[in-house]
$ cat my_file.cif   # mmCIF, N, CA and C atoms and all ligand atoms
data_coords
#
loop_
_atom_site.label_atom_id
_atom_site.label_comp_id
_atom_site.auth_asym_id
_atom_site.auth_seq_id
_atom_site.Cartn_x
_atom_site.Cartn_y
_atom_site.Cartn_z
N MET A 1 0.85 -1.20 0.00
CA MET A 1 0.00 0.00 0.00
C MET A 1 0.88 1.25 0.00
N PRO A 2 0.55 2.20 -0.82
CA PRO A 2 1.34 3.44 -0.82
C PRO A 2 1.19 4.17 0.51
N SER A 3 2.22 4.88 0.88
CA SER A 3 2.10 5.68 2.09
C SER A 3 1.93 7.15 1.70
N ILE A 4 1.24 7.87 2.54
CA ILE A 4 0.99 9.29 2.30
C ILE A 4 1.61 10.06 3.45
N LYS A 5 2.52 10.94 3.12
CA LYS A 5 3.14 11.75 4.15
C LYS A 5 2.51 13.14 4.11
N ILE A 6 2.12 13.62 5.30
CA ILE A 6 1.36 14.86 5.37
C ILE A 6 2.12 15.93 6.13
N ASN A 7 2.37 17.04 5.48
CA ASN A 7 3.01 18.20 6.10
C ASN A 7 4.32 17.84 6.79
N GLY A 8 4.98 16.79 6.32
CA GLY A 8 6.27 16.41 6.88
C GLY A 8 6.21 15.83 8.27
N ILE A 9 5.02 15.63 8.83
CA ILE A 9 4.98 15.11 10.20
C ILE A 9 4.33 13.75 10.33
N SER A 10 3.22 13.52 9.64
CA SER A 10 2.62 12.20 9.81
C SER A 10 2.62 11.45 8.50
N ALA A 11 2.83 10.16 8.60
CA ALA A 11 2.75 9.29 7.43
C ALA A 11 1.68 8.26 7.69
N ILE A 12 0.80 8.06 6.69
CA ILE A 12 -0.28 7.09 6.86
C ILE A 12 -0.29 6.15 5.66
N GLN A 13 -0.86 4.99 5.85
CA GLN A 13 -0.97 4.02 4.75
C GLN A 13 -2.25 4.31 3.98
N SER A 14 -2.13 4.35 2.67
CA SER A 14 -3.34 4.64 1.91
C SER A 14 -4.00 3.34 1.47
N ASN A 15 -5.29 3.30 1.60
CA ASN A 15 -6.06 2.17 1.10
C ASN A 15 -6.41 2.50 -0.35
N PRO A 16 -6.01 1.63 -1.27
CA PRO A 16 -6.18 1.96 -2.70
C PRO A 16 -7.63 2.20 -3.11
N SER A 17 -8.60 1.73 -2.33
CA SER A 17 -9.97 1.96 -2.75
C SER A 17 -10.52 3.28 -2.23
N ASN A 18 -9.75 3.99 -1.41
CA ASN A 18 -10.22 5.27 -0.89
C ASN A 18 -9.52 6.44 -1.56
N THR A 19 -10.20 7.57 -1.59
CA THR A 19 -9.52 8.79 -2.02
C THR A 19 -8.53 9.21 -0.94
N ILE A 20 -7.66 10.11 -1.29
CA ILE A 20 -6.67 10.57 -0.31
C ILE A 20 -7.40 11.27 0.84
N LEU A 21 -8.46 12.01 0.54
CA LEU A 21 -9.22 12.67 1.61
C LEU A 21 -9.79 11.64 2.59
N GLU A 22 -10.37 10.57 2.05
CA GLU A 22 -10.93 9.53 2.92
C GLU A 22 -9.84 8.85 3.74
N THR A 23 -8.70 8.64 3.10
CA THR A 23 -7.59 8.00 3.80
C THR A 23 -7.14 8.85 4.98
N ILE A 24 -7.08 10.16 4.77
CA ILE A 24 -6.67 11.06 5.85
C ILE A 24 -7.70 11.00 6.97
N GLU A 25 -8.96 10.95 6.61
CA GLU A 25 -10.02 10.87 7.63
C GLU A 25 -9.93 9.56 8.40
N ASN A 26 -9.70 8.47 7.67
CA ASN A 26 -9.62 7.17 8.33
C ASN A 26 -8.45 7.10 9.30
N ALA A 27 -7.46 7.96 9.10
CA ALA A 27 -6.31 7.98 9.99
C ALA A 27 -6.58 8.83 11.23
N GLY A 28 -7.81 9.31 11.38
CA GLY A 28 -8.16 10.03 12.59
C GLY A 28 -7.95 11.53 12.50
N MET A 29 -7.83 12.05 11.29
CA MET A 29 -7.68 13.50 11.14
C MET A 29 -8.95 14.05 10.50
N GLU A 30 -9.12 15.36 10.64
CA GLU A 30 -10.27 16.00 10.01
C GLU A 30 -9.78 17.02 9.00
N PRO A 31 -9.57 16.57 7.78
CA PRO A 31 -9.11 17.50 6.76
C PRO A 31 -10.22 18.46 6.35
N GLU A 32 -9.82 19.62 5.86
CA GLU A 32 -10.82 20.59 5.43
C GLU A 32 -11.43 20.12 4.11
N TYR A 33 -12.73 20.21 4.00
CA TYR A 33 -13.39 19.88 2.74
C TYR A 33 -14.74 20.56 2.73
N ASN A 34 -15.34 20.57 1.57
CA ASN A 34 -16.68 21.10 1.48
C ASN A 34 -17.51 20.22 0.54
N CYS A 35 -17.16 20.24 -0.75
CA CYS A 35 -18.01 19.55 -1.72
C CYS A 35 -17.68 18.06 -1.86
N ARG A 36 -16.45 17.69 -1.65
CA ARG A 36 -15.94 16.32 -1.86
C ARG A 36 -16.13 15.87 -3.30
N ASP A 37 -16.18 16.82 -4.21
CA ASP A 37 -16.48 16.48 -5.59
C ASP A 37 -15.65 17.27 -6.59
N GLY A 38 -14.56 17.89 -6.12
CA GLY A 38 -13.69 18.60 -7.05
C GLY A 38 -14.14 19.99 -7.44
N HIS A 39 -15.17 20.54 -6.76
CA HIS A 39 -15.69 21.84 -7.17
C HIS A 39 -15.15 23.02 -6.37
N CYS A 40 -15.06 22.84 -5.05
CA CYS A 40 -14.88 24.02 -4.20
C CYS A 40 -13.42 24.39 -3.97
N GLY A 41 -12.54 23.42 -3.98
CA GLY A 41 -11.13 23.70 -3.73
C GLY A 41 -10.76 23.78 -2.27
N ALA A 42 -11.70 23.50 -1.37
CA ALA A 42 -11.41 23.60 0.06
C ALA A 42 -10.33 22.61 0.49
N CYS A 43 -10.24 21.48 -0.18
CA CYS A 43 -9.30 20.44 0.23
C CYS A 43 -7.93 20.60 -0.42
N ARG A 44 -7.78 21.57 -1.28
CA ARG A 44 -6.57 21.76 -2.08
C ARG A 44 -5.29 21.68 -1.24
N CYS A 45 -4.28 20.97 -1.73
CA CYS A 45 -2.99 20.93 -1.04
C CYS A 45 -1.89 20.71 -2.06
N LYS A 46 -0.66 20.77 -1.58
CA LYS A 46 0.49 20.65 -2.49
C LYS A 46 0.95 19.21 -2.61
N LEU A 47 1.22 18.79 -3.83
CA LEU A 47 1.82 17.49 -4.07
C LEU A 47 3.33 17.69 -4.22
N VAL A 48 4.08 17.29 -3.20
CA VAL A 48 5.53 17.51 -3.22
C VAL A 48 6.19 16.43 -4.07
N SER A 49 5.78 15.19 -3.88
CA SER A 49 6.31 14.11 -4.72
C SER A 49 5.31 12.97 -4.75
N GLY A 50 5.50 12.11 -5.71
CA GLY A 50 4.60 10.96 -5.85
C GLY A 50 3.60 11.20 -6.97
N GLU A 51 2.81 10.16 -7.21
CA GLU A 51 1.85 10.22 -8.31
C GLU A 51 0.45 9.97 -7.78
N VAL A 52 -0.49 10.75 -8.27
CA VAL A 52 -1.88 10.52 -7.89
C VAL A 52 -2.70 10.29 -9.15
N GLU A 53 -3.84 9.66 -8.94
CA GLU A 53 -4.75 9.39 -10.04
C GLU A 53 -6.06 10.09 -9.74
N TYR A 54 -6.54 10.89 -10.68
CA TYR A 54 -7.82 11.57 -10.48
C TYR A 54 -8.96 10.61 -10.76
N VAL A 55 -9.90 10.52 -9.85
CA VAL A 55 -11.06 9.67 -10.05
C VAL A 55 -12.31 10.51 -10.27
N GLY A 56 -12.14 11.81 -10.35
CA GLY A 56 -13.26 12.70 -10.62
C GLY A 56 -12.74 13.85 -11.48
N PHE A 57 -13.63 14.75 -11.82
CA PHE A 57 -13.25 15.86 -12.68
C PHE A 57 -12.98 17.09 -11.83
N ALA A 58 -11.75 17.63 -11.93
CA ALA A 58 -11.36 18.77 -11.10
C ALA A 58 -11.91 20.06 -11.70
N MET A 59 -12.88 20.66 -11.01
CA MET A 59 -13.44 21.93 -11.45
C MET A 59 -12.76 23.10 -10.76
N ALA A 60 -12.29 22.87 -9.52
CA ALA A 60 -11.65 23.94 -8.76
C ALA A 60 -10.27 24.22 -9.36
N TYR A 61 -9.86 25.48 -9.25
CA TYR A 61 -8.57 25.87 -9.79
C TYR A 61 -7.43 25.29 -8.95
N THR A 62 -6.44 24.72 -9.60
CA THR A 62 -5.24 24.26 -8.88
C THR A 62 -4.01 24.71 -9.64
N GLN A 63 -2.96 25.04 -8.89
CA GLN A 63 -1.66 25.31 -9.50
C GLN A 63 -1.08 23.98 -9.98
N ALA A 64 -0.01 24.06 -10.75
CA ALA A 64 0.59 22.84 -11.32
C ALA A 64 1.01 21.85 -10.24
N ASP A 65 1.38 22.36 -9.06
CA ASP A 65 1.86 21.44 -8.02
C ASP A 65 0.80 21.16 -6.97
N GLU A 66 -0.45 21.48 -7.27
CA GLU A 66 -1.51 21.24 -6.28
C GLU A 66 -2.47 20.16 -6.76
N ILE A 67 -3.08 19.49 -5.78
CA ILE A 67 -4.07 18.47 -6.10
C ILE A 67 -5.32 18.68 -5.24
N LEU A 68 -6.37 17.98 -5.60
CA LEU A 68 -7.61 17.99 -4.82
C LEU A 68 -7.78 16.59 -4.23
N PRO A 69 -7.41 16.40 -2.98
CA PRO A 69 -7.42 15.05 -2.40
C PRO A 69 -8.79 14.39 -2.37
N CYS A 70 -9.87 15.17 -2.49
CA CYS A 70 -11.20 14.55 -2.43
C CYS A 70 -11.49 13.72 -3.67
N ILE A 71 -10.76 13.97 -4.76
CA ILE A 71 -11.01 13.19 -5.97
C ILE A 71 -9.73 12.54 -6.49
N CYS A 72 -8.75 12.35 -5.59
CA CYS A 72 -7.48 11.72 -5.98
C CYS A 72 -7.24 10.47 -5.17
N LYS A 73 -6.61 9.50 -5.81
CA LYS A 73 -6.10 8.33 -5.09
C LYS A 73 -4.59 8.31 -5.27
N ALA A 74 -3.91 7.73 -4.29
CA ALA A 74 -2.46 7.65 -4.37
C ALA A 74 -2.05 6.50 -5.28
N LYS A 75 -1.19 6.80 -6.25
CA LYS A 75 -0.70 5.75 -7.14
C LYS A 75 0.66 5.24 -6.71
N SER A 76 1.35 6.06 -5.94
CA SER A 76 2.67 5.68 -5.43
C SER A 76 2.76 6.30 -4.05
N ASP A 77 3.91 6.15 -3.40
CA ASP A 77 4.10 6.89 -2.15
C ASP A 77 3.99 8.37 -2.47
N VAL A 78 3.27 9.08 -1.65
CA VAL A 78 2.94 10.46 -1.95
C VAL A 78 3.35 11.35 -0.77
N VAL A 79 3.92 12.50 -1.07
CA VAL A 79 4.25 13.47 -0.04
C VAL A 79 3.41 14.72 -0.29
N LEU A 80 2.61 15.09 0.71
CA LEU A 80 1.74 16.26 0.59
C LEU A 80 2.17 17.35 1.56
N ASP A 81 1.95 18.58 1.17
CA ASP A 81 2.25 19.71 2.04
C ASP A 81 1.05 20.65 2.04
N ASP A 82 1.00 21.53 3.02
CA ASP A 82 -0.10 22.50 3.13
C ASP A 82 -1.47 21.83 3.24
N VAL A 83 -1.51 20.67 3.87
CA VAL A 83 -2.80 20.03 4.11
C VAL A 83 -3.42 20.68 5.34
N ASN A 84 -4.64 21.18 5.20
CA ASN A 84 -5.32 21.79 6.34
C ASN A 84 -6.14 20.73 7.04
N TYR A 85 -5.75 20.40 8.22
CA TYR A 85 -6.53 19.42 8.97
C TYR A 85 -6.40 19.69 10.46
N SER A 86 -7.35 19.15 11.20
CA SER A 86 -7.22 19.17 12.65
C SER A 86 -7.36 17.74 13.12
N LEU A 87 -6.92 17.49 14.31
CA LEU A 87 -7.06 16.14 14.85
C LEU A 87 -8.45 16.01 15.45
N LYS A 88 -9.01 14.84 15.27
CA LYS A 88 -10.34 14.62 15.83
C LYS A 88 -10.28 14.73 17.34
N GLU A 89 -11.28 15.39 17.89
CA GLU A 89 -11.32 15.51 19.35
C GLU A 89 -11.69 14.16 19.94
N LYS A 90 -10.95 13.82 20.95
CA LYS A 90 -11.28 12.56 21.63
C LYS A 90 -12.47 12.78 22.54
N ARG A 91 -13.45 11.96 22.40
CA ARG A 91 -14.62 12.07 23.26
C ARG A 91 -14.59 10.96 24.30
N ALA A 92 -14.84 11.33 25.52
CA ALA A 92 -14.78 10.34 26.60
C ALA A 92 -16.01 9.45 26.57
S1 LIG A 101 -13.67 19.19 -1.10
FE1 LIG A 101 -14.29 20.52 -2.68
S2 LIG A 101 -12.70 20.30 -4.14
FE2 LIG A 101 -12.18 18.84 -2.61
#
$ encode --input "my_file.cif" --output "structure tokens"
Amino acid sequence: MPSIKINGISAIQSNPSNTILETIENAGMEPEYNCRDGHCGACRCKLVSGEVEYVGFAMAYTQADEILPCICKAKSDVVLDDVNYSLKEKRA
């Protein structure tokens, strides 16, 4: 399974059947998103290295080095930067 490194601090294993956004969520983080469909750009982040595969049509504007994790899957080990997320609050 490809690994996804986020903001240089956490590395998670990606499940090939999930988008990168879902993978980040499954790892216990709450990434920023809105449409989950490639429209809004809320999930936009930088692809530092690695290859991703788009599984949807990107309508939101991205720079050449940016991706939309809500409609991308990891094709190789991937390094992402500028991912906006918070950690899920632990509930007792
Ligand atoms: S959540 Fe809207 S483009 Fe990814």
$ residues_around --input "my_file.cif" --residues "Ser14 in chain A" --least-positions-apart "2" --cutoff "8 Å" --atoms "all atoms listed in the file" --output "mmCIF file with N, CA and C atoms, keeping the file's coordinate frame"
data_model
loop_
_atom_site.group_PDB
_atom_site.id
_atom_site.type_symbol
_atom_site.label_atom_id
_atom_site.label_comp_id
_atom_site.auth_asym_id
_atom_site.auth_seq_id
_atom_site.Cartn_x
_atom_site.Cartn_y
_atom_site.Cartn_z
ATOM 1 N N MET A 1 0.850 -1.200 0.000
ATOM 2 C CA MET A 1 0.000 0.000 0.000
ATOM 3 C C MET A 1 0.880 1.250 0.000
ATOM 4 N N PRO A 2 0.550 2.200 -0.820
ATOM 5 C CA PRO A 2 1.340 3.440 -0.820
ATOM 6 C C PRO A 2 1.190 4.170 0.510
ATOM 7 N N SER A 3 2.220 4.880 0.880
ATOM 8 C CA SER A 3 2.100 5.680 2.090
ATOM 9 C C SER A 3 1.930 7.150 1.700
ATOM 10 N N ILE A 4 1.240 7.870 2.540
ATOM 11 C CA ILE A 4 0.990 9.290 2.300
ATOM 12 C C ILE A 4 1.610 10.060 3.450
ATOM 13 N N ALA A 11 2.830 10.160 8.600
ATOM 14 C CA ALA A 11 2.750 9.290 7.430
ATOM 15 C C ALA A 11 1.680 8.260 7.690
ATOM 16 N N ILE A 12 0.800 8.060 6.690
ATOM 17 C CA ILE A 12 -0.280 7.090 6.860
ATOM 18 C C ILE A 12 -0.290 6.150 5.660
ATOM 19 N N PRO A 16 -6.010 1.630 -1.270
ATOM 20 C CA PRO A 16 -6.180 1.960 -2.700
ATOM 21 C C PRO A 16 -7.630 2.200 -3.110
ATOM 22 N N SER A 17 -8.600 1.730 -2.330
ATOM 23 C CA SER A 17 -9.970 1.960 -2.750
ATOM 24 C C SER A 17 -10.520 3.280 -2.230
ATOM 25 N N ASN A 18 -9.750 3.990 -1.410
ATOM 26 C CA ASN A 18 -10.220 5.270 -0.890
ATOM 27 C C ASN A 18 -9.520 6.440 -1.560
ATOM 28 N N THR A 19 -10.200 7.570 -1.590
ATOM 29 C CA THR A 19 -9.520 8.790 -2.020
ATOM 30 C C THR A 19 -8.530 9.210 -0.940
ATOM 31 N N ILE A 20 -7.660 10.110 -1.290
ATOM 32 C CA ILE A 20 -6.670 10.570 -0.310
ATOM 33 C C ILE A 20 -7.400 11.270 0.840
ATOM 34 N N GLU A 22 -10.370 10.570 2.050
ATOM 35 C CA GLU A 22 -10.930 9.530 2.920
ATOM 36 C C GLU A 22 -9.840 8.850 3.740
ATOM 37 N N THR A 23 -8.700 8.640 3.100
ATOM 38 C CA THR A 23 -7.590 8.000 3.800
ATOM 39 C C THR A 23 -7.140 8.850 4.980
ATOM 40 N N ILE A 24 -7.080 10.160 4.770
ATOM 41 C CA ILE A 24 -6.670 11.060 5.850
ATOM 42 C C ILE A 24 -7.700 11.000 6.970
ATOM 43 N N ALA A 74 -3.910 7.730 -4.290
ATOM 44 C CA ALA A 74 -2.460 7.650 -4.370
ATOM 45 C C ALA A 74 -2.050 6.500 -5.280
#
$ select_by_dssp --input "my_file.cif" --residues "chain A" --states "alpha helix (DSSP H)" --output "number ranges by chain"
A: 20-26
$ closest_residue --input "my_file.cif" --among "A:Gly41, A:Gly50, A:Gly28, A:Pro69" --to "Glu89 in chain A" --atoms "all atoms listed in the file"
A:Gly28
$ closest_residue --input "my_file.cif" --among "A:Glu51, A:Asp37, A:Asp65, A:Glu25" --to "ligand LIG 101 (chain A)" --atoms "only C-alpha atoms and all ligand atoms"
A:Asp37
$ closest_atom_pairs --input "my_file.cif" --of "chain A" --to "ligand LIG 101 (chain A)" --cutoff "5 Å" --atoms "all atoms listed in the file" --output "Markdown table"
| residue | atom | partner | partner_atom | distance |
| --- | --- | --- | --- | --- |
| A:Tyr33 | CA | A:LIG101 | S1 | 3.9 |
| A:Asn34 | N | A:LIG101 | S1 | 3.4 |
| A:Cys35 | N | A:LIG101 | FE1 | 3.5 |
| A:Arg36 | N | A:LIG101 | S1 | 3.2 |
| A:Asp37 | N | A:LIG101 | FE1 | 4.4 |
| A:Gly38 | CA | A:LIG101 | S2 | 3.5 |
| A:His39 | N | A:LIG101 | S2 | 3.6 |
| A:Cys40 | N | A:LIG101 | FE1 | 3.4 |
| A:Gly41 | N | A:LIG101 | S2 | 3.1 |
| A:Ala42 | N | A:LIG101 | FE1 | 4.2 |
| A:Cys43 | N | A:LIG101 | FE2 | 4.1 |
| A:Cys70 | N | A:LIG101 | FE2 | 4.3 |
$ write_last_selection --input "my_file.cif" --atoms "N, CA and C atoms" --output "JSON list (two decimals), keeping the file's coordinate frame"
[["chain", "number", "residue", "atom", "x", "y", "z"],
["A", 33, "TYR", "N", -12.73, 20.21, 4.00],
["A", 33, "TYR", "CA", -13.39, 19.88, 2.74],
["A", 33, "TYR", "C", -14.74, 20.56, 2.73],
["A", 34, "ASN", "N", -15.34, 20.57, 1.57],
["A", 34, "ASN", "CA", -16.68, 21.10, 1.48],
["A", 34, "ASN", "C", -17.51, 20.22, 0.54],
["A", 35, "CYS", "N", -17.16, 20.24, -0.75],
["A", 35, "CYS", "CA", -18.01, 19.55, -1.72],
["A", 35, "CYS", "C", -17.68, 18.06, -1.86],
["A", 36, "ARG", "N", -16.45, 17.69, -1.65],
["A", 36, "ARG", "CA", -15.94, 16.32, -1.86],
["A", 36, "ARG", "C", -16.13, 15.87, -3.30],
["A", 37, "ASP", "N", -16.18, 16.82, -4.21],
["A", 37, "ASP", "CA", -16.48, 16.48, -5.59],
["A", 37, "ASP", "C", -15.65, 17.27, -6.59],
["A", 38, "GLY", "N", -14.56, 17.89, -6.12],
["A", 38, "GLY", "CA", -13.69, 18.60, -7.05],
["A", 38, "GLY", "C", -14.14, 19.99, -7.44],
["A", 39, "HIS", "N", -15.17, 20.54, -6.76],
["A", 39, "HIS", "CA", -15.69, 21.84, -7.17],
["A", 39, "HIS", "C", -15.15, 23.02, -6.37],
["A", 40, "CYS", "N", -15.06, 22.84, -5.05],
["A", 40, "CYS", "CA", -14.88, 24.02, -4.20],
["A", 40, "CYS", "C", -13.42, 24.39, -3.97],
["A", 41, "GLY", "N", -12.54, 23.42, -3.98],
["A", 41, "GLY", "CA", -11.13, 23.70, -3.73],
["A", 41, "GLY", "C", -10.76, 23.78, -2.27],
["A", 42, "ALA", "N", -11.70, 23.50, -1.37],
["A", 42, "ALA", "CA", -11.41, 23.60, 0.06],
["A", 42, "ALA", "C", -10.33, 22.61, 0.49],
["A", 43, "CYS", "N", -10.24, 21.48, -0.18],
["A", 43, "CYS", "CA", -9.30, 20.44, 0.23],
["A", 43, "CYS", "C", -7.93, 20.60, -0.42],
["A", 70, "CYS", "N", -9.87, 15.17, -2.49],
["A", 70, "CYS", "CA", -11.20, 14.55, -2.43],
["A", 70, "CYS", "C", -11.49, 13.72, -3.67]]
$ atom_distance --input "my_file.cif" --atom1 "CA of Asp77 in chain A" --atom2 "CA of Tyr61 in chain A"
24.1 Å
$ residues_around --input "my_file.cif" --residues "Tyr85 in chain A" --least-positions-apart "3" --cutoff "8 Å" --atoms "only C-alpha atoms" --output "PDB file with N, CA and C atoms, in the frame of the given file"
ATOM      1  N   MET A  29      -7.830  12.050  11.290  1.00  0.00           N
ATOM      2  CA  MET A  29      -7.680  13.500  11.140  1.00  0.00           C
ATOM      3  C   MET A  29      -8.950  14.050  10.500  1.00  0.00           C
ATOM      4  N   GLU A  30      -9.120  15.360  10.640  1.00  0.00           N
ATOM      5  CA  GLU A  30     -10.270  16.000  10.010  1.00  0.00           C
ATOM      6  C   GLU A  30      -9.780  17.020   9.000  1.00  0.00           C
ATOM      7  N   PRO A  31      -9.570  16.570   7.780  1.00  0.00           N
ATOM      8  CA  PRO A  31      -9.110  17.500   6.760  1.00  0.00           C
ATOM      9  C   PRO A  31     -10.220  18.460   6.350  1.00  0.00           C
ATOM     10  N   GLU A  32      -9.820  19.620   5.860  1.00  0.00           N
ATOM     11  CA  GLU A  32     -10.820  20.590   5.430  1.00  0.00           C
ATOM     12  C   GLU A  32     -11.430  20.120   4.110  1.00  0.00           C
TER      13      GLU A  32
END
$ atom_distance --input "my_file.cif" --atom1 "atom N of Ile6 in chain A" --atom2 "CA of Ala60 in chain A"
22.2 Å
$ residues_around --input "my_file.cif" --residues "Ser49 in chain A" --least-positions-apart "5" --cutoff "10 Å" --atoms "only C-alpha atoms" --output "number ranges by chain"
A: 5, 65, 76-81
$ axis_aligned_box --input "my_file.cif" --around "range 27-42 of chain A" --padding-each-side "6 Å" --output "AutoDock Vina command-line options"
--center_x -12.2 --center_y 16.2 --center_z 2.6 --size_x 23.7 --size_y 28.4 --size_z 32.0
$ atom_distance --input "my_file.cif" --atom1 "CA of Lys73 in chain A" --atom2 "CA of Asn7 in chain A"
17.5 Å
